[in-house]
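**Student:** My questions will all concern the structure given below.
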Amino acid sequence: MNITPFTVYLVMQADSLIFLMGFIAIFFGVFCAVLWINNFVENGEDEEDFSTFIRRTKLKLLTGVVLFAAVGAALTPSTKTLAAALVIPAIAKSDAIQKDFPEIYNLAVGKLKEQLQPSK
């Protein structure tokens, strides 16, 4: 996978998306709770006319939006997680790591073994 500037931009926007979903969940959650309480205080449980039906339908829809935003905020990976998921495989599959790294590693291990051997 090629990492493009647009990919980096999208990854860096993950925290903003989490913040936006959290804000929607909290703001509309409070608003929704107030409307539910107001609905039950004004109308009670027994009264059921068309306007009450429409109001409750809107409240149920708003409650669904709040739940969706809260779950979305909780399940959206952070910028660090997305960067790790995209960058680490790209680095591991690069030609430099696949071809040059084993040679450099073997040279480093050889030098380390030479230094650890007791001098005569």
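In the structure tokens, each chain is lettered A, B, ... as it comes, each chain's residues begin at 1, and ligands are numbered from 1 in order of appearance.
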For segment 59-76 of chain A, list every protein, DNA or RNA residue within 7 Å, evaluated using only C-alpha atoms, and leave out those in the same chain fewer than 3 positions away; present the list as a list in words.

**Tutor:**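 Neighbouring residues, sequence-local ones excluded: Ile18, Met21, Gly22, Ile24, Ala25, Phe28, Gly29, Cys32, Arg55 and Arg56 of chain A.
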
**Student:** How many Å lie between atom CA of Val30 of chain A and atom CA of Gln13 of chain A, rounded to one decimal?

**Tutor:**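 Atom CA of Gln13 of chain A lies 25.9 Å from atom CA of Val30 of chain A.
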
**Student:** I'd like the contact shell of Ile88 of chain A - 12 Å cut-off, only C-alpha atoms, skipping same-chain residues fewer than 6 positions apart - returned as number ranges by chain.

**Tutor:** A: 1-3, 80-82, 94, 97

**Student:** What is the distance between atom CA of Lys58 of chain A and atom CA of Leu20 of chain A, in Å to one decimal?

**Tutor:**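 Between atom CA of Lys58 of chain A and atom CA of Leu20 of chain A the gap works out to 21.8 Å.
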
**Student:** Distance atom CA of Asp100 of chain A-atom CA of Leu112 of chain A, one decimal place?

**Tutor:**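 The value is 18.5 Å.
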
**Student:** So which residues of chain A fall under alpha helix (DSSP H) by DSSP, listed as a compact mmCIF listing (two decimals) with N, CA and C atoms, in the first residue's frame?

**Tutor:**
# COMPACT_ATOMS: atom_id res chain seq x y z
N PRO A 5 -0.10 11.65 0.61
CA PRO A 5 -0.42 12.77 1.52
C PRO A 5 -1.89 12.78 1.93
N PHE A 6 -2.76 12.38 1.03
CA PHE A 6 -4.19 12.34 1.36
C PHE A 6 -4.47 11.28 2.43
N THR A 7 -3.80 10.15 2.33
CA THR A 7 -3.96 9.10 3.35
C THR A 7 -3.50 9.62 4.71
N VAL A 8 -2.38 10.31 4.73
CA VAL A 8 -1.88 10.87 5.99
C VAL A 8 -2.87 11.89 6.53
N TYR A 9 -3.43 12.73 5.66
CA TYR A 9 -4.43 13.71 6.08
C TYR A 9 -5.64 13.02 6.71
N LEU A 10 -6.14 11.98 6.05
CA LEU A 10 -7.32 11.28 6.59
C LEU A 10 -7.02 10.63 7.93
N VAL A 11 -5.83 10.07 8.07
CA VAL A 11 -5.45 9.45 9.34
C VAL A 11 -5.40 10.50 10.44
N MET A 12 -4.87 11.67 10.13
CA MET A 12 -4.74 12.72 11.14
C MET A 12 -6.09 13.33 11.52
N ALA A 14 -8.75 11.55 12.29
CA ALA A 14 -9.51 10.58 13.08
C ALA A 14 -9.88 11.14 14.45
N ASP A 15 -8.95 11.84 15.10
CA ASP A 15 -9.26 12.40 16.42
C ASP A 15 -10.34 13.47 16.32
N SER A 16 -10.34 14.25 15.24
CA SER A 16 -11.39 15.25 15.04
C SER A 16 -12.75 14.59 14.87
N LEU A 17 -12.77 13.48 14.16
CA LEU A 17 -14.02 12.75 13.98
C LEU A 17 -14.53 12.19 15.30
N ILE A 18 -13.62 11.67 16.11
CA ILE A 18 -14.01 11.16 17.43
C ILE A 18 -14.57 12.30 18.28
N PHE A 19 -13.91 13.46 18.25
CA PHE A 19 -14.39 14.62 19.02
C PHE A 19 -15.77 15.05 18.54
N LEU A 20 -15.96 15.11 17.22
CA LEU A 20 -17.25 15.53 16.67
C LEU A 20 -18.36 14.57 17.08
N MET A 21 -18.12 13.28 16.97
CA MET A 21 -19.13 12.29 17.37
C MET A 21 -19.42 12.36 18.87
N GLY A 22 -18.39 12.56 19.66
CA GLY A 22 -18.60 12.70 21.10
C GLY A 22 -19.40 13.94 21.44
N PHE A 23 -19.09 15.05 20.75
CA PHE A 23 -19.85 16.28 20.97
C PHE A 23 -21.31 16.10 20.59
N ILE A 24 -21.56 15.48 19.44
CA ILE A 24 -22.94 15.23 19.02
C ILE A 24 -23.66 14.35 20.04
N ALA A 25 -22.99 13.32 20.51
CA ALA A 25 -23.61 12.41 21.47
C ALA A 25 -23.94 13.13 22.77
N ILE A 26 -23.03 13.95 23.27
CA ILE A 26 -23.28 14.64 24.55
C ILE A 26 -24.32 15.74 24.38
N PHE A 27 -24.15 16.61 23.38
CA PHE A 27 -25.07 17.73 23.20
C PHE A 27 -26.49 17.25 22.91
N PHE A 28 -26.62 16.41 21.91
CA PHE A 28 -27.95 15.93 21.57
C PHE A 28 -28.48 14.94 22.61
N GLY A 29 -27.60 14.29 23.34
CA GLY A 29 -28.05 13.40 24.42
C GLY A 29 -28.73 14.18 25.53
N VAL A 30 -28.14 15.29 25.92
CA VAL A 30 -28.76 16.14 26.94
C VAL A 30 -30.08 16.72 26.40
N PHE A 31 -30.04 17.20 25.18
CA PHE A 31 -31.24 17.75 24.54
C PHE A 31 -32.34 16.69 24.46
N CYS A 32 -31.97 15.49 24.09
CA CYS A 32 -32.93 14.38 23.97
C CYS A 32 -33.50 14.01 25.34
N ALA A 33 -32.67 13.98 26.35
CA ALA A 33 -33.16 13.65 27.70
C ALA A 33 -34.16 14.68 28.18
N VAL A 34 -33.85 15.96 27.94
CA VAL A 34 -34.79 17.02 28.34
C VAL A 34 -36.11 16.88 27.59
N LEU A 35 -36.04 16.59 26.31
CA LEU A 35 -37.29 16.43 25.53
C LEU A 35 -38.09 15.22 25.98
N TRP A 36 -37.41 14.12 26.30
CA TRP A 36 -38.14 12.94 26.80
C TRP A 36 -38.84 13.26 28.11
N ILE A 37 -38.14 13.92 29.02
CA ILE A 37 -38.75 14.28 30.31
C ILE A 37 -39.92 15.23 30.09
N ASN A 38 -39.72 16.22 29.25
CA ASN A 38 -40.80 17.17 28.95
C ASN A 38 -41.99 16.47 28.31
N ASN A 39 -41.74 15.54 27.44
CA ASN A 39 -42.82 14.81 26.78
C ASN A 39 -43.66 14.03 27.79
N PHE A 40 -43.01 13.38 28.72
CA PHE A 40 -43.77 12.61 29.71
C PHE A 40 -44.47 13.49 30.73
N VAL A 41 -43.90 14.64 31.05
CA VAL A 41 -44.54 15.54 32.00
C VAL A 41 -45.79 16.17 31.37
N GLU A 42 -45.68 16.58 30.10
CA GLU A 42 -46.82 17.23 29.44
C GLU A 42 -47.93 16.25 29.08
N ASN A 43 -47.56 15.12 28.53
CA ASN A 43 -48.57 14.23 27.95
C ASN A 43 -48.88 13.02 28.80
N PHE A 50 -52.14 12.22 17.48
CA PHE A 50 -51.20 12.25 16.36
C PHE A 50 -49.97 13.09 16.68
N SER A 51 -50.14 14.24 17.31
CA SER A 51 -48.99 15.09 17.61
C SER A 51 -48.05 14.41 18.60
N THR A 52 -48.61 13.67 19.55
CA THR A 52 -47.78 12.93 20.49
C THR A 52 -47.03 11.84 19.77
N PHE A 53 -47.68 11.17 18.84
CA PHE A 53 -47.04 10.13 18.05
C PHE A 53 -45.86 10.70 17.25
N ILE A 54 -46.08 11.84 16.60
CA ILE A 54 -45.02 12.47 15.81
C ILE A 54 -43.87 12.91 16.72
N ARG A 55 -44.20 13.50 17.87
CA ARG A 55 -43.17 13.96 18.80
C ARG A 55 -42.34 12.77 19.30
N ARG A 56 -43.00 11.69 19.64
CA ARG A 56 -42.26 10.51 20.12
C ARG A 56 -41.44 9.88 19.01
N THR A 57 -41.95 9.91 17.79
CA THR A 57 -41.18 9.39 16.65
C THR A 57 -39.91 10.20 16.45
N LYS A 58 -40.04 11.53 16.56
CA LYS A 58 -38.85 12.38 16.43
C LYS A 58 -37.88 12.12 17.57
N LEU A 59 -38.39 11.92 18.76
CA LEU A 59 -37.53 11.64 19.90
C LEU A 59 -36.81 10.31 19.73
N LYS A 60 -37.51 9.32 19.21
CA LYS A 60 -36.87 8.02 18.98
C LYS A 60 -35.78 8.15 17.92
N LEU A 61 -36.04 8.94 16.88
CA LEU A 61 -35.04 9.16 15.85
C LEU A 61 -33.82 9.89 16.43
N LEU A 62 -34.07 10.92 17.23
CA LEU A 62 -32.98 11.65 17.86
C LEU A 62 -32.20 10.75 18.82
N THR A 63 -32.90 9.88 19.53
CA THR A 63 -32.22 8.93 20.42
C THR A 63 -31.33 7.99 19.62
N GLY A 64 -31.81 7.56 18.46
CA GLY A 64 -30.99 6.72 17.58
C GLY A 64 -29.74 7.44 17.10
N VAL A 65 -29.87 8.72 16.76
CA VAL A 65 -28.71 9.50 16.34
C VAL A 65 -27.70 9.62 17.47
N VAL A 66 -28.20 9.86 18.68
CA VAL A 66 -27.32 9.97 19.84
C VAL A 66 -26.58 8.65 20.08
N LEU A 67 -27.30 7.54 20.03
CA LEU A 67 -26.67 6.24 20.24
C LEU A 67 -25.65 5.93 19.15
N PHE A 68 -25.99 6.25 17.90
CA PHE A 68 -25.07 6.03 16.79
C PHE A 68 -23.80 6.85 16.97
N ALA A 69 -23.94 8.12 17.35
CA ALA A 69 -22.77 8.98 17.55
C ALA A 69 -21.92 8.49 18.71
N ALA A 70 -22.56 8.05 19.79
CA ALA A 70 -21.80 7.57 20.94
C ALA A 70 -21.03 6.29 20.61
N VAL A 71 -21.68 5.37 19.93
CA VAL A 71 -21.01 4.12 19.54
C VAL A 71 -19.92 4.42 18.51
N GLY A 72 -20.21 5.32 17.58
CA GLY A 72 -19.20 5.70 16.58
C GLY A 72 -17.98 6.32 17.21
N ALA A 73 -18.19 7.18 18.20
CA ALA A 73 -17.06 7.81 18.89
C ALA A 73 -16.25 6.77 19.67
N ALA A 74 -16.93 5.80 20.22
CA ALA A 74 -16.23 4.78 21.00
C ALA A 74 -15.46 3.81 20.11
N LEU A 75 -15.97 3.51 18.94
CA LEU A 75 -15.36 2.49 18.09
C LEU A 75 -14.42 3.04 17.01
N THR A 79 -5.94 8.43 16.00
CA THR A 79 -4.92 8.73 15.00
C THR A 79 -3.71 7.80 15.15
N LYS A 80 -3.32 7.55 16.38
CA LYS A 80 -2.16 6.68 16.62
C LYS A 80 -2.43 5.26 16.14
N THR A 81 -3.62 4.76 16.39
CA THR A 81 -3.96 3.40 15.97
C THR A 81 -3.99 3.30 14.45
N LEU A 82 -4.61 4.26 13.80
CA LEU A 82 -4.66 4.24 12.33
C LEU A 82 -3.27 4.39 11.73
N ALA A 83 -2.46 5.25 12.31
CA ALA A 83 -1.10 5.42 11.79
C ALA A 83 -0.31 4.13 11.92
N ALA A 84 -0.45 3.47 13.05
CA ALA A 84 0.26 2.19 13.25
C ALA A 84 -0.25 1.15 12.27
N ALA A 85 -1.55 1.12 12.04
CA ALA A 85 -2.12 0.12 11.13
C ALA A 85 -1.71 0.36 9.69
N LEU A 86 -1.46 1.60 9.32
CA LEU A 86 -1.09 1.90 7.93
C LEU A 86 0.42 1.97 7.73
N VAL A 87 1.14 2.54 8.70
CA VAL A 87 2.56 2.81 8.50
C VAL A 87 3.42 1.57 8.75
N ILE A 88 3.14 0.83 9.79
CA ILE A 88 3.99 -0.33 10.13
C ILE A 88 4.01 -1.37 9.00
N PRO A 89 2.85 -1.75 8.43
CA PRO A 89 2.95 -2.70 7.30
C PRO A 89 3.68 -2.12 6.10
N ALA A 90 3.52 -0.82 5.85
CA ALA A 90 4.24 -0.21 4.71
C ALA A 90 5.74 -0.22 4.94
N ILE A 91 6.16 0.02 6.16
CA ILE A 91 7.59 -0.02 6.46
C ILE A 91 8.11 -1.45 6.37
N ALA A 92 7.35 -2.39 6.91
CA ALA A 92 7.80 -3.79 6.92
C ALA A 92 7.90 -4.36 5.50
N ASP A 95 11.32 -2.17 0.37
CA ASP A 95 12.50 -2.85 -0.17
C ASP A 95 13.71 -2.69 0.76
N PHE A 101 18.06 -4.68 5.36
CA PHE A 101 18.07 -4.88 6.81
C PHE A 101 18.71 -6.19 7.24
N PRO A 102 18.44 -7.33 6.59
CA PRO A 102 19.11 -8.57 7.04
C PRO A 102 20.63 -8.47 6.97
N GLU A 103 21.15 -7.82 5.93
CA GLU A 103 22.60 -7.67 5.80
C GLU A 103 23.15 -6.78 6.91
N ILE A 104 22.50 -5.67 7.17
CA ILE A 104 22.93 -4.76 8.24
C ILE A 104 22.82 -5.45 9.60
N TYR A 105 21.78 -6.21 9.79
CA TYR A 105 21.59 -6.94 11.05
C TYR A 105 22.72 -7.94 11.27
N ASN A 106 23.06 -8.69 10.24
CA ASN A 106 24.13 -9.69 10.37
C ASN A 106 25.48 -9.02 10.64
N LEU A 107 25.74 -7.88 10.00
CA LEU A 107 26.98 -7.15 10.27
C LEU A 107 27.02 -6.66 11.72
N ALA A 108 25.92 -6.16 12.21
CA ALA A 108 25.87 -5.65 13.59
C ALA A 108 26.05 -6.78 14.59
N VAL A 109 25.43 -7.93 14.35
CA VAL A 109 25.58 -9.07 15.25
C VAL A 109 27.02 -9.56 15.22
N GLY A 110 27.65 -9.60 14.06
CA GLY A 110 29.05 -10.02 13.95
C GLY A 110 29.97 -9.09 14.73
N LYS A 111 29.80 -7.79 14.60
CA LYS A 111 30.62 -6.83 15.35
C LYS A 111 30.39 -6.95 16.85
N LEU A 112 29.16 -7.17 17.23
CA LEU A 112 28.84 -7.33 18.65
C LEU A 112 29.51 -8.57 19.22
N LYS A 113 29.51 -9.66 18.46
CA LYS A 113 30.17 -10.90 18.91
C LYS A 113 31.68 -10.70 19.02
N GLU A 114 32.27 -9.94 18.09
CA GLU A 114 33.69 -9.67 18.14
C GLU A 114 34.04 -8.88 19.39
N GLN A 115 33.20 -7.90 19.74
CA GLN A 115 33.49 -7.08 20.92
C GLN A 115 33.27 -7.83 22.22
N LEU A 116 32.40 -8.83 22.22
CA LEU A 116 32.11 -9.57 23.43
C LEU A 116 33.14 -10.68 23.69
